[in-house]
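Asker: Hey, dropping structure29.txt in here, compact mmCIF, C-alpha atoms and all ligand atoms:
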```
# COMPACT_ATOMS: atom_id res chain seq x y z
CA MET A 17 268.06 103.91 -24.16
CA LYS A 18 264.77 104.40 -22.41
CA ASN A 19 264.96 104.63 -18.60
CA ASP A 20 261.36 105.00 -17.68
CA TYR A 21 259.08 101.93 -17.70
CA ARG A 22 255.50 101.23 -16.71
CA ILE A 23 255.04 97.74 -15.35
CA ALA A 24 251.63 96.22 -14.67
CA LEU A 25 251.68 93.87 -11.67
CA LEU A 26 248.86 91.34 -11.72
CA PRO A 27 249.38 89.22 -8.58
CA GLY A 28 246.20 87.15 -8.95
CA ASP A 29 245.29 84.39 -6.52
CA GLY A 30 246.75 81.87 -4.06
CA ILE A 31 250.52 82.27 -3.81
CA GLY A 32 250.45 84.84 -6.65
CA PRO A 33 250.55 87.92 -4.38
CA GLU A 34 253.37 86.42 -2.30
CA VAL A 35 255.66 85.62 -5.23
CA VAL A 36 254.91 88.89 -7.01
CA GLY A 37 255.67 90.68 -3.72
CA GLU A 38 259.19 89.21 -3.80
CA ALA A 39 259.63 90.04 -7.49
CA LYS A 40 258.70 93.63 -6.64
CA LYS A 41 261.73 93.81 -4.33
CA ILE A 42 263.89 92.74 -7.25
CA LEU A 43 262.35 95.45 -9.45
CA GLN A 44 263.10 98.02 -6.77
CA VAL A 45 266.73 96.92 -6.50
CA LEU A 46 267.09 97.21 -10.28
CA GLU A 47 265.37 100.59 -10.26
CA SER A 48 267.74 102.18 -7.77
CA GLY A 49 270.83 100.24 -8.84
CA MET A 50 270.42 101.08 -12.52
CA GLY A 51 268.99 104.57 -12.10
CA LEU A 52 265.68 103.66 -13.75
CA LYS A 53 262.22 104.99 -13.11
CA LEU A 54 259.75 102.14 -12.77
CA THR A 55 256.07 102.89 -12.41
CA LEU A 56 254.42 99.84 -10.90
CA GLU A 57 250.64 99.55 -11.24
CA THR A 58 248.89 96.73 -9.44
CA ALA A 59 245.53 95.41 -10.70
CA PRO A 60 243.29 92.47 -9.74
CA VAL A 61 243.05 89.45 -12.03
CA GLY A 62 241.60 85.93 -11.87
CA GLY A 63 239.61 85.04 -8.77
CA SER A 64 240.52 88.35 -7.17
CA GLY A 65 239.34 90.18 -10.29
CA TYR A 66 236.08 88.26 -10.11
CA GLU A 67 235.63 89.14 -6.44
CA ALA A 68 236.33 92.81 -7.11
CA THR A 69 234.19 93.29 -10.23
CA GLY A 70 232.30 90.10 -11.12
CA HIS A 71 234.68 89.33 -13.99
CA PRO A 72 238.08 87.59 -13.81
CA LEU A 73 239.61 90.04 -16.31
CA PRO A 74 238.18 93.44 -15.29
CA GLU A 75 238.20 96.09 -18.00
CA ASP A 76 240.46 98.35 -15.97
CA THR A 77 242.94 95.54 -15.49
CA LEU A 78 243.06 94.90 -19.22
CA LYS A 79 243.57 98.61 -19.83
CA THR A 80 246.38 98.79 -17.28
CA ALA A 81 248.00 95.76 -18.91
CA MET A 82 247.67 97.13 -22.44
CA ASN A 83 249.12 100.52 -21.51
CA ALA A 84 252.12 99.06 -19.71
CA ASP A 85 255.58 98.42 -21.16
CA ALA A 86 255.47 94.93 -19.63
CA ILE A 87 253.26 92.81 -17.41
CA LEU A 88 254.23 90.61 -14.48
CA LEU A 89 251.60 88.08 -13.49
CA GLY A 90 251.56 85.80 -10.44
CA ALA A 91 249.02 82.99 -10.76
CA VAL A 92 245.27 82.57 -11.02
CA GLY A 93 242.68 80.10 -9.80
CA GLY A 94 241.60 78.26 -6.68
CA PRO A 95 238.96 75.92 -5.28
CA LYS A 96 236.73 78.85 -4.40
CA TRP A 97 235.99 79.47 -8.08
CA GLU A 98 235.88 75.93 -9.42
CA LYS A 99 232.11 75.77 -9.46
CA ILE A 100 231.35 78.99 -11.33
CA ASP A 101 230.56 79.13 -15.04
CA PHE A 102 233.50 78.40 -17.36
CA SER A 103 233.34 81.88 -18.89
CA LEU A 104 233.94 83.46 -15.46
CA ARG A 105 236.64 81.12 -14.13
CA PRO A 106 239.93 82.73 -13.07
CA GLU A 107 241.77 80.86 -15.85
CA ARG A 108 239.73 82.77 -18.45
CA ALA A 109 241.57 85.93 -17.38
CA LEU A 110 244.89 84.42 -18.33
CA LEU A 111 243.57 83.16 -21.66
CA GLY A 112 241.88 86.54 -22.22
CA LEU A 113 245.12 88.45 -21.60
CA ARG A 114 247.04 86.14 -23.92
CA SER A 115 244.58 86.53 -26.75
CA GLU A 116 243.75 90.25 -26.27
CA LEU A 117 247.45 91.10 -26.16
CA LYS A 118 248.19 88.70 -29.05
CA LEU A 119 250.87 86.86 -27.09
CA PHE A 120 251.21 83.86 -29.36
CA ALA A 121 254.74 82.86 -28.38
CA ASN A 122 255.45 81.47 -24.95
CA LEU A 123 259.08 80.86 -24.00
CA ARG A 124 259.64 78.52 -21.08
CA PRO A 125 263.32 77.91 -20.36
CA ALA A 126 264.18 74.82 -18.34
CA LYS A 127 267.70 75.44 -17.15
CA ILE A 128 269.14 73.71 -14.14
CA PHE A 129 271.07 75.66 -11.52
CA SER A 130 274.15 73.68 -10.60
CA ALA A 131 273.33 73.87 -6.87
CA LEU A 132 270.01 72.16 -7.58
CA VAL A 133 271.21 69.15 -9.54
CA ASP A 134 270.49 66.94 -6.54
CA ALA A 135 267.03 68.43 -6.04
CA SER A 136 265.82 66.85 -9.26
CA THR A 137 263.98 63.56 -9.00
CA LEU A 138 266.20 62.33 -11.84
CA LYS A 139 269.79 61.20 -11.61
CA ARG A 140 272.59 63.77 -11.65
CA GLU A 141 274.01 62.56 -14.97
CA VAL A 142 270.62 62.90 -16.66
CA VAL A 143 270.03 66.54 -15.69
CA GLU A 144 273.39 68.14 -14.93
CA GLY A 145 273.98 71.00 -17.39
CA LEU A 146 270.43 70.81 -18.74
CA ASP A 147 269.40 73.90 -20.70
CA LEU A 148 266.39 73.61 -22.96
CA MET A 149 263.74 76.01 -24.16
CA VAL A 150 260.11 75.12 -24.68
CA VAL A 151 258.48 77.38 -27.27
CA ARG A 152 254.76 76.93 -26.75
CA GLU A 153 252.10 78.28 -29.11
CA LEU A 154 249.81 80.31 -26.84
CA THR A 155 246.80 81.78 -28.61
CA GLY A 156 245.54 78.93 -30.76
CA GLY A 157 245.02 75.19 -30.85
CA ILE A 158 242.55 73.30 -28.71
CA TYR A 159 242.57 76.05 -26.06
CA PHE A 160 240.78 78.44 -28.40
CA GLY A 161 239.33 76.29 -31.23
CA LYS A 162 235.63 76.31 -32.03
CA PRO A 163 233.20 74.62 -31.71
CA ARG A 164 233.63 74.21 -28.00
CA GLY A 165 231.33 73.63 -25.06
CA ILE A 166 229.01 71.11 -23.48
CA GLU A 167 225.72 70.36 -25.21
CA THR A 168 222.73 68.24 -24.34
CA LEU A 169 221.83 65.61 -26.90
CA PRO A 170 218.23 64.70 -27.85
CA ASP A 171 218.42 61.66 -25.57
CA GLY A 172 219.18 63.91 -22.62
CA THR A 173 222.84 62.88 -22.25
CA ARG A 174 225.58 65.49 -22.66
CA ARG A 175 228.51 65.84 -25.03
CA GLY A 176 231.65 67.89 -24.46
CA VAL A 177 233.50 69.34 -27.45
CA ASN A 178 236.83 71.05 -28.04
CA THR A 179 238.52 71.60 -31.36
CA LEU A 180 242.19 71.45 -32.29
CA VAL A 181 242.67 73.94 -35.08
CA TYR A 182 245.75 75.66 -36.55
CA THR A 183 246.09 77.81 -39.63
CA GLU A 184 249.29 77.80 -41.70
CA ALA A 185 249.99 81.37 -40.60
CA GLU A 186 249.67 80.50 -36.91
CA ILE A 187 252.06 77.59 -37.28
CA GLU A 188 254.54 79.51 -39.36
CA ARG A 189 254.94 82.41 -36.93
CA ILE A 190 255.51 80.23 -33.87
CA VAL A 191 257.93 77.92 -35.66
CA LYS A 192 259.86 81.01 -36.79
CA VAL A 193 260.16 82.13 -33.18
CA ALA A 194 261.63 78.72 -32.37
CA PHE A 195 264.20 78.98 -35.18
CA GLU A 196 265.16 82.53 -34.19
CA THR A 197 265.57 81.32 -30.60
CA ALA A 198 267.69 78.36 -31.71
CA LEU A 199 269.98 80.65 -33.71
CA LYS A 200 271.03 82.26 -30.42
CA ARG A 201 271.44 78.86 -28.74
CA ASN A 202 272.59 75.43 -29.93
CA LYS A 203 270.92 75.63 -33.34
CA LYS A 204 268.59 72.70 -33.00
CA VAL A 205 264.79 72.77 -33.16
CA THR A 206 262.66 69.78 -32.24
CA SER A 207 259.08 70.15 -33.40
CA VAL A 208 256.65 68.15 -31.29
CA ASP A 209 253.44 66.86 -32.88
CA LYS A 210 251.07 63.93 -33.16
CA ALA A 211 251.21 63.86 -36.93
CA ASN A 212 250.50 60.12 -37.04
CA VAL A 213 246.97 60.71 -35.72
CA LEU A 214 245.99 64.41 -35.85
CA GLU A 215 245.73 66.15 -39.24
CA ALA A 216 246.19 69.59 -37.70
CA THR A 217 249.60 68.56 -36.42
CA GLY A 218 250.41 66.90 -39.75
CA LEU A 219 250.06 70.39 -41.20
CA TRP A 220 252.22 71.64 -38.33
CA ARG A 221 255.00 69.26 -39.39
CA GLU A 222 254.73 70.33 -43.05
CA ILE A 223 254.98 74.02 -42.19
CA ALA A 224 257.91 73.38 -39.84
CA GLU A 225 259.74 71.79 -42.79
CA GLN A 226 259.04 74.84 -44.94
CA VAL A 227 260.21 77.31 -42.30
CA ALA A 228 263.39 75.27 -41.78
CA LYS A 229 264.45 76.01 -45.38
CA GLY A 230 265.02 79.63 -44.35
CA TYR A 231 267.39 78.55 -41.56
CA PRO A 232 270.13 76.43 -43.10
CA ASP A 233 272.27 76.68 -39.94
CA VAL A 234 269.60 75.20 -37.70
CA THR A 235 268.81 71.48 -37.56
CA LEU A 236 265.14 70.50 -37.48
CA GLU A 237 263.90 67.25 -35.98
CA HIS A 238 260.35 66.02 -35.52
CA ILE A 239 259.12 63.97 -32.61
CA TYR A 240 255.73 62.61 -31.60
CA VAL A 241 254.50 64.04 -28.34
CA ASP A 242 254.32 60.70 -26.54
CA ASN A 243 257.91 59.91 -27.45
CA CYS A 244 258.92 63.43 -26.43
CA ALA A 245 257.40 62.94 -22.98
CA MET A 246 259.42 59.75 -22.66
CA GLN A 247 262.66 61.28 -23.96
CA LEU A 248 262.31 64.21 -21.55
CA VAL A 249 262.80 61.88 -18.61
CA ARG A 250 265.18 59.48 -20.39
CA ALA A 251 267.67 61.89 -21.96
CA PRO A 252 266.50 65.52 -21.80
CA LYS A 253 269.89 66.96 -22.77
CA GLN A 254 269.33 65.86 -26.39
CA PHE A 255 266.97 68.86 -26.75
CA ASP A 256 267.79 72.48 -27.40
CA VAL A 257 264.55 74.19 -28.52
CA LEU A 258 261.23 72.36 -28.44
CA VAL A 259 258.38 73.95 -30.39
CA THR A 260 254.84 72.73 -30.02
CA THR A 261 251.12 73.37 -29.80
CA ASN A 262 249.37 75.13 -26.97
CA MET A 263 248.24 72.03 -25.09
CA PHE A 264 251.31 69.86 -25.72
CA GLY A 265 253.44 72.80 -24.57
CA ASP A 266 251.38 73.18 -21.42
CA ILE A 267 251.98 69.56 -20.50
CA LEU A 268 255.60 69.22 -21.61
CA SER A 269 256.70 72.43 -19.88
CA ASP A 270 255.38 71.19 -16.53
CA GLN A 271 257.28 67.99 -17.12
CA ALA A 272 260.46 69.83 -18.15
CA SER A 273 260.25 71.98 -15.03
CA MET A 274 260.69 68.99 -12.75
CA LEU A 275 264.02 68.26 -14.42
CA THR A 276 265.26 71.49 -12.83
CA GLY A 277 264.19 70.47 -9.35
CA SER A 278 260.79 72.09 -9.02
CA ILE A 279 258.03 73.73 -10.98
CA GLY A 280 258.73 76.65 -8.65
CA MET A 281 261.89 77.39 -10.64
CA LEU A 282 260.54 78.01 -14.17
CA PRO A 283 259.92 81.52 -15.47
CA SER A 284 258.19 82.34 -18.73
CA ALA A 285 257.79 85.07 -21.29
CA SER A 286 254.72 85.48 -23.49
CA LEU A 287 255.59 87.50 -26.57
CA GLY A 288 254.16 88.52 -29.91
CA GLY A 289 252.13 91.65 -29.25
CA LYS A 290 252.99 95.21 -28.26
CA THR A 291 253.15 94.44 -24.53
CA ALA A 292 254.66 91.17 -23.35
CA MET A 293 253.71 89.27 -20.22
CA TYR A 294 255.97 87.46 -17.78
CA GLU A 295 254.89 84.84 -15.28
CA PRO A 296 256.08 81.80 -13.38
CA ILE A 297 254.76 78.64 -15.05
CA HIS A 298 253.41 77.28 -11.77
CA GLY A 299 249.84 77.72 -10.60
CA SER A 300 248.29 79.41 -7.59
CA ALA A 301 248.98 76.50 -5.19
CA PRO A 302 246.05 77.32 -2.86
CA ASP A 303 247.17 74.62 -0.41
CA ILE A 304 250.28 76.58 0.56
CA ALA A 305 248.97 80.12 -0.01
CA GLY A 306 249.54 82.65 2.77
CA LYS A 307 251.97 80.38 4.62
CA ASP A 308 255.29 81.81 3.46
CA LEU A 309 256.08 78.48 1.80
CA ALA A 310 255.97 79.37 -1.91
CA ASN A 311 259.13 79.49 -4.01
CA PRO A 312 259.44 83.02 -5.45
CA LEU A 313 262.36 82.17 -7.75
CA ALA A 314 260.31 81.49 -10.90
CA THR A 315 258.68 84.91 -10.60
CA ILE A 316 262.00 86.58 -9.81
CA LEU A 317 263.57 84.92 -12.87
CA SER A 318 260.59 86.14 -14.90
CA VAL A 319 261.67 89.71 -14.07
CA GLY A 320 265.00 88.86 -15.69
CA MET A 321 263.20 87.71 -18.83
CA MET A 322 261.23 90.97 -18.83
CA PHE A 323 264.40 93.05 -18.92
CA LYS A 324 265.86 90.90 -21.66
CA HIS A 325 262.85 90.66 -23.95
CA SER A 326 260.80 93.80 -23.29
CA PHE A 327 263.50 96.29 -22.32
CA ASP A 328 266.28 94.89 -24.47
CA ARG A 329 268.62 94.74 -21.47
CA GLU A 330 270.50 91.48 -21.18
CA GLU A 331 272.56 92.34 -18.08
CA PRO A 332 269.82 92.41 -15.42
CA ASN A 333 268.77 88.95 -16.57
CA LEU A 334 272.28 87.64 -16.01
CA TRP A 335 272.56 89.44 -12.66
CA ILE A 336 269.30 87.89 -11.49
CA GLU A 337 270.37 84.41 -12.60
CA ASN A 338 273.69 84.88 -10.81
CA ALA A 339 272.02 86.19 -7.67
CA VAL A 340 269.73 83.14 -7.62
CA GLU A 341 272.69 80.84 -8.22
CA SER A 342 274.62 82.29 -5.29
CA VAL A 343 271.68 82.14 -2.89
CA LEU A 344 271.22 78.49 -3.82
CA ALA A 345 274.95 77.90 -3.44
CA GLN A 346 274.67 79.28 0.10
CA GLY A 347 272.28 76.41 0.81
CA LEU A 348 269.06 78.40 1.07
CA ARG A 349 266.02 76.42 -0.05
CA THR A 350 262.27 76.87 -0.06
CA ARG A 351 260.40 73.71 0.86
CA ASP A 352 259.80 72.53 -2.73
CA ILE A 353 263.56 72.32 -3.39
CA MET A 354 264.63 71.40 0.14
CA SER A 355 267.18 68.61 0.52
CA LYS A 356 269.31 67.22 3.35
CA GLY A 357 271.89 69.55 4.83
CA MET A 358 270.30 72.68 3.33
CA LYS A 359 268.65 75.55 5.17
CA GLU A 360 264.89 75.84 4.70
CA VAL A 361 263.67 79.41 4.31
CA GLY A 362 260.30 81.00 3.58
CA THR A 363 259.15 82.99 0.57
CA VAL A 364 260.13 86.33 2.11
CA GLU A 365 263.58 85.27 3.26
CA MET A 366 264.31 83.79 -0.16
CA GLY A 367 263.21 87.02 -1.87
CA ASP A 368 265.24 89.17 0.53
CA SER A 369 268.33 87.02 0.03
CA VAL A 370 268.17 87.26 -3.77
CA ALA A 371 267.58 91.02 -3.51
CA ARG A 372 270.69 91.37 -1.31
CA GLU A 373 272.84 89.34 -3.72
CA LEU A 374 271.52 91.37 -6.62
CA GLU A 375 272.45 94.63 -4.90
CA LYS A 376 276.03 93.39 -4.55
CA LEU A 377 276.18 92.40 -8.21
CA ILE A 378 274.91 95.72 -9.53
CA GLN A 379 277.43 97.82 -7.57
C1 LIG B 1 249.95 77.55 -17.71
C2 LIG B 1 248.70 77.21 -16.96
C3 LIG B 1 247.50 77.76 -17.72
C4 LIG B 1 247.46 77.07 -19.07
C5 LIG B 1 246.15 77.66 -17.01
C6 LIG B 1 246.19 78.23 -15.62
C7 LIG B 1 245.05 78.28 -17.81
O1 LIG B 1 248.63 75.85 -16.74
O2 LIG B 1 250.21 78.74 -17.94
O3 LIG B 1 250.69 76.62 -18.07
O4 LIG B 1 246.91 75.99 -19.20
O5 LIG B 1 247.99 77.64 -20.03
MG MG B 2 250.35 74.76 -17.34
```
As structure tokens, how would this structure be written, given the file I've shared?
Ligand code: IPM
Ligand code: MG
Answerer:
Amino acid sequence: MKNDYRIALLPGDGIGPEVVGEAKKILQVLESGMGLKLTLETAPVGGSGYEATGHPLPEDTLKTAMNADAILLGAVGGPKWEKIDFSLRPERALLGLRSELKLFANLRPAKIFSALVDASTLKREVVEGLDLMVVRELTGGIYFGKPRGIETLPDGTRRGVNTLVYTEAEIERIVKVAFETALKRNKKVTSVDKANVLEATGLWREIAEQVAKGYPDVTLEHIYVDNCAMQLVRAPKQFDVLVTTNMFGDILSDQASMLTGSIGMLPSASLGGKTAMYEPIHGSAPDIAGKDLANPLATILSVGMMFKHSFDREEPNLWIENAVESVLAQGLRTRDIMSKGMKEVGTVEMGDSVARELEKLIQ
């Protein structure tokens, strides 16, 4: 098995550099503990890419990303760049990376750590034992569909346009990822659409049915997105794998994250191309940036997903999950998951504590 990996670190903006900084400690523990050689290359992206080069996805950053074995990204965006042209906004870097690297499949696991059951805004019995996977389509749909833009009409008023478009092939490949994922889990796929109103998602439903024929051991259910949003807070444990469009997946994964206590807990993997990308699902949280308040756990857990999916090593992922579980069991909490009787710690102390636990587990 290969021992030598190049990892592109793209910290980005806001709390991005802080959480990636903690994830780097985890990478270093794995490197020495497992006898690996990790080459870490840091490059600017998002607002920081724009500041450095005038473009949120600098050419050199894209090159570094493409030549790496895996990419770890922090977060992009912030109020500083909200007024600039759409094509130069920090978010474009993320969308650019996803489409350039052909990362059409986004896995967002919402799994609750037992120590955090009481951190959820929902009742214990609703969330205890929760373990679901959102499979979000990531390079198509309304995020990328054309025509798009804002145009001025003859009467001088403006019109904004975005287009929801999916080809059969795009639907088929993402639904297949969901079925393959379900095979390794509880063998149930719930396809989320709005087939009662949107033709494109009517096609989605049809293709999901076709794909299901190849997976006789997996159950397929369909649900409208509005009902899904409701069921996620009513009885989320009914779900195993949810598969859905780019925008529905964006929204539902934020919602699913809160079931686990905080959006600061959810890692993600974006797969499909030669090099995969891993990132926390949360944003750049400019309001708490630079204050040692951010929760680094989602980014740390993303490192686990990297080892599992890009390096085909399942163990480090389990070690990291266990290290996080024991730090939480010790009562350590960042502010977003703080509850009575627990000890509030900063970003750095949380990262150091997980790194220490991980060291013990590897030995
Ligand atoms: C996410 C984010 C991004 C998205 C933004 C920052 C472009 O919300 O990864 O969920 O909408 O995909
Ligand atoms: Mg989002």
Asker: Could you name the residues that touch Asp101 of chain A at 12 Å or less, counting all atoms listed in the file, but leaving out those on the same chain fewer than 2 positions away, as a compact mmCIF listing (two decimals) with C-alpha atoms, keeping the file's coordinate frame?
Answerer:
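Now in selection_8.txt:
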```
# COMPACT_ATOMS: atom_id res chain seq x y z
CA TYR A 66 236.08 88.26 -10.11
CA GLY A 70 232.30 90.10 -11.12
CA HIS A 71 234.68 89.33 -13.99
CA PRO A 72 238.08 87.59 -13.81
CA TRP A 97 235.99 79.47 -8.08
CA GLU A 98 235.88 75.93 -9.42
CA LYS A 99 232.11 75.77 -9.46
CA SER A 103 233.34 81.88 -18.89
CA LEU A 104 233.94 83.46 -15.46
CA ARG A 105 236.64 81.12 -14.13
CA PRO A 106 239.93 82.73 -13.07
CA GLU A 107 241.77 80.86 -15.85
CA ARG A 108 239.73 82.77 -18.45
CA GLY A 165 231.33 73.63 -25.06
CA ILE A 166 229.01 71.11 -23.48
```
Asker: Mind pulling up the distance from atom CA of Arg152 of chain A to atom CA of Gly32 of chain A?
Answerer: 22.0 Å
Asker: Could you list the protein, DNA and RNA residues that have any atom within 7 Å of ligand MG 2 (chain B), counting all atoms listed in the file, and write them as a ChimeraX atom specification?
Answerer: /A:266-267,270,297-298
Asker: Give, as JSON, the centre coordinates and the x, y and z edge lengths in Å to one decimal for an axis-aligned box around all listed atoms of ligand LIG 1 (chain B), padded by 5 Å on each side.
Answerer:
```
{"center_x": 247.9, "center_y": 77.3, "center_z": -17.8, "size_x": 15.6, "size_y": 12.9, "size_z": 14.4}
```
Asker: For Leu89 of chain A, which residue out of A:Gly347, A:Gly156, A:Pro33, A:Pro302 is the nearest one, using only C-alpha atoms?
Answerer: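 The answer is A:Pro33, which sits nearest to Leu89 of chain A.
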Asker: With only C-alpha atoms as the atoms that count, which of A:Ser130, A:Asn311, A:Ser48, A:Thr235 lies nearest to Ser278 of chain A?
Answerer: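 Between A:Ser130, A:Asn311, A:Ser48, A:Thr235, the residue approaching Ser278 of chain A most closely is A:Asn311.
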Asker: Report as a ChimeraX atom specification all protein, DNA and RNA residues lying within 10 Å of Gly51 of chain A, evaluated on only C-alpha atoms, omitting residues in the same chain fewer than 6 positions from it.
Answerer: /A:19-20,45
Asker: From the set A:Thr155, A:Phe129, A:Pro60, A:Ala251, which residue has the shortest atom-to-atom contact distance to Asn338 of chain A, counting all atoms listed in the file?
Answerer: A:Phe129
Asker: For segment 171-188 of chain A, find every residue with an atom within 9 Å (counting only C-alpha atoms), except residues of its own chain fewer than 4 positions away, and show them as a list in words.
Answerer: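 Skipping anything fewer than 4 positions along the chain leaves Phe120, Glu153, Thr155, Gly156, Gly157, Ile158, Tyr159, Phe160, Gly161, Lys162, Pro163, Arg164, Gly165, Ile166, Glu167, Lys192, Val193, Leu214, Ala216, Thr217, Leu219, Trp220, Ile223, Ala224, Gln226, Val227 and Thr261 of chain A.
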Asker: Could you tell me how far atom C5 of ligand LIG 1 (chain B) sits from atom CA of Asp147 of chain A, in Å to one decimal place?
Answerer: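 Atom-to-atom, atom CA of Asp147 of chain A and atom C5 of ligand LIG 1 (chain B) are spaced 23.8 Å apart.
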Asker: Interatomic distance between atom CA of Val61 of chain A and atom CA of Gly289 of chain A?
Answerer: 19.6 Å
Asker: From the options A:Gly277, A:Pro95, A:Gly90, A:Pro252, which residue's atoms come nearest to Ala131 of chain A, counting all atoms listed in the file?
Answerer: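 Comparing A:Gly277, A:Pro95, A:Gly90, A:Pro252 against Ala131 of chain A, the winner is A:Gly277.
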Asker: With all atoms listed in the file as the atoms that count, which of A:Gly94, A:Asp209, A:Pro332, A:Lys356 lies nearest to Ile31 of chain A?
Answerer: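 When distances to Ile31 of chain A are compared using all atoms listed in the file, the smallest one comes from A:Gly94.
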Asker: Ranking A:Gly93, A:Pro125, A:Gly30, A:Pro312 by minimum distance to ligand LIG 1 (chain B) and counting all atoms listed in the file, which one comes first?
Answerer: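 Ranked by minimum distance to ligand LIG 1 (chain B), first place goes to A:Gly93.
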Asker: Which residues come within 12 Å of Val213 of chain A, counting all atoms listed in the file, excluding same-chain residues fewer than 5 positions away, as a ChimeraX atom specification?
Answerer: /A:218-219,240-242
Asker: Missing atoms in segment 196-211 of chain A: can you complete it with N, CA and C atoms, as an mmCIF file, in the frame of the given file?
Answerer:
```
data_model
loop_
_atom_site.group_PDB
_atom_site.id
_atom_site.type_symbol
_atom_site.label_atom_id
_atom_site.label_comp_id
_atom_site.auth_asym_id
_atom_site.auth_seq_id
_atom_site.Cartn_x
_atom_site.Cartn_y
_atom_site.Cartn_z
ATOM 1 N N GLU A 196 264.409 81.338 -34.621
ATOM 2 C CA GLU A 196 265.160 82.530 -34.190
ATOM 3 C C GLU A 196 265.800 82.286 -32.825
ATOM 4 N N THR A 197 265.054 81.628 -31.940
ATOM 5 C CA THR A 197 265.570 81.320 -30.600
ATOM 6 C C THR A 197 266.760 80.368 -30.700
ATOM 7 N N ALA A 198 266.628 79.369 -31.563
ATOM 8 C CA ALA A 198 267.690 78.360 -31.710
ATOM 9 C C ALA A 198 268.972 78.978 -32.267
ATOM 10 N N LEU A 199 268.806 79.984 -33.131
ATOM 11 C CA LEU A 199 269.980 80.650 -33.710
ATOM 12 C C LEU A 199 270.890 81.222 -32.629
ATOM 13 N N LYS A 200 270.248 81.660 -31.519
ATOM 14 C CA LYS A 200 271.030 82.260 -30.420
ATOM 15 C C LYS A 200 271.447 81.197 -29.413
ATOM 16 N N ARG A 201 271.113 79.930 -29.680
ATOM 17 C CA ARG A 201 271.440 78.860 -28.740
ATOM 18 C C ARG A 201 272.255 77.772 -29.453
ATOM 19 N N ASN A 202 271.790 76.524 -29.338
ATOM 20 C CA ASN A 202 272.590 75.430 -29.930
ATOM 21 C C ASN A 202 272.145 74.987 -31.322
ATOM 22 N N LYS A 203 271.285 75.802 -31.927
ATOM 23 C CA LYS A 203 270.920 75.630 -33.340
ATOM 24 C C LYS A 203 270.245 74.301 -33.653
ATOM 25 N N LYS A 204 269.368 73.906 -32.729
ATOM 26 C CA LYS A 204 268.590 72.700 -33.000
ATOM 27 C C LYS A 204 267.145 72.931 -32.562
ATOM 28 N N VAL A 205 266.218 72.653 -33.481
ATOM 29 C CA VAL A 205 264.790 72.770 -33.160
ATOM 30 C C VAL A 205 264.171 71.382 -33.240
ATOM 31 N N THR A 206 263.434 71.017 -32.199
ATOM 32 C CA THR A 206 262.660 69.780 -32.240
ATOM 33 C C THR A 206 261.190 70.155 -32.226
ATOM 34 N N SER A 207 260.497 69.826 -33.304
ATOM 35 C CA SER A 207 259.080 70.150 -33.400
ATOM 36 C C SER A 207 258.274 68.958 -32.904
ATOM 37 N N VAL A 208 257.393 69.233 -31.949
ATOM 38 C CA VAL A 208 256.650 68.150 -31.290
ATOM 39 C C VAL A 208 255.222 68.111 -31.837
ATOM 40 N N ASP A 209 254.791 66.968 -32.329
ATOM 41 C CA ASP A 209 253.440 66.860 -32.880
ATOM 42 C C ASP A 209 252.854 65.490 -32.627
ATOM 43 N N LYS A 210 251.690 65.258 -33.173
ATOM 44 C CA LYS A 210 251.070 63.930 -33.160
ATOM 45 C C LYS A 210 250.576 63.700 -34.588
ATOM 46 N N ALA A 211 251.535 63.860 -35.512
ATOM 47 C CA ALA A 211 251.210 63.860 -36.930
ATOM 48 C C ALA A 211 250.743 62.494 -37.430
#
```
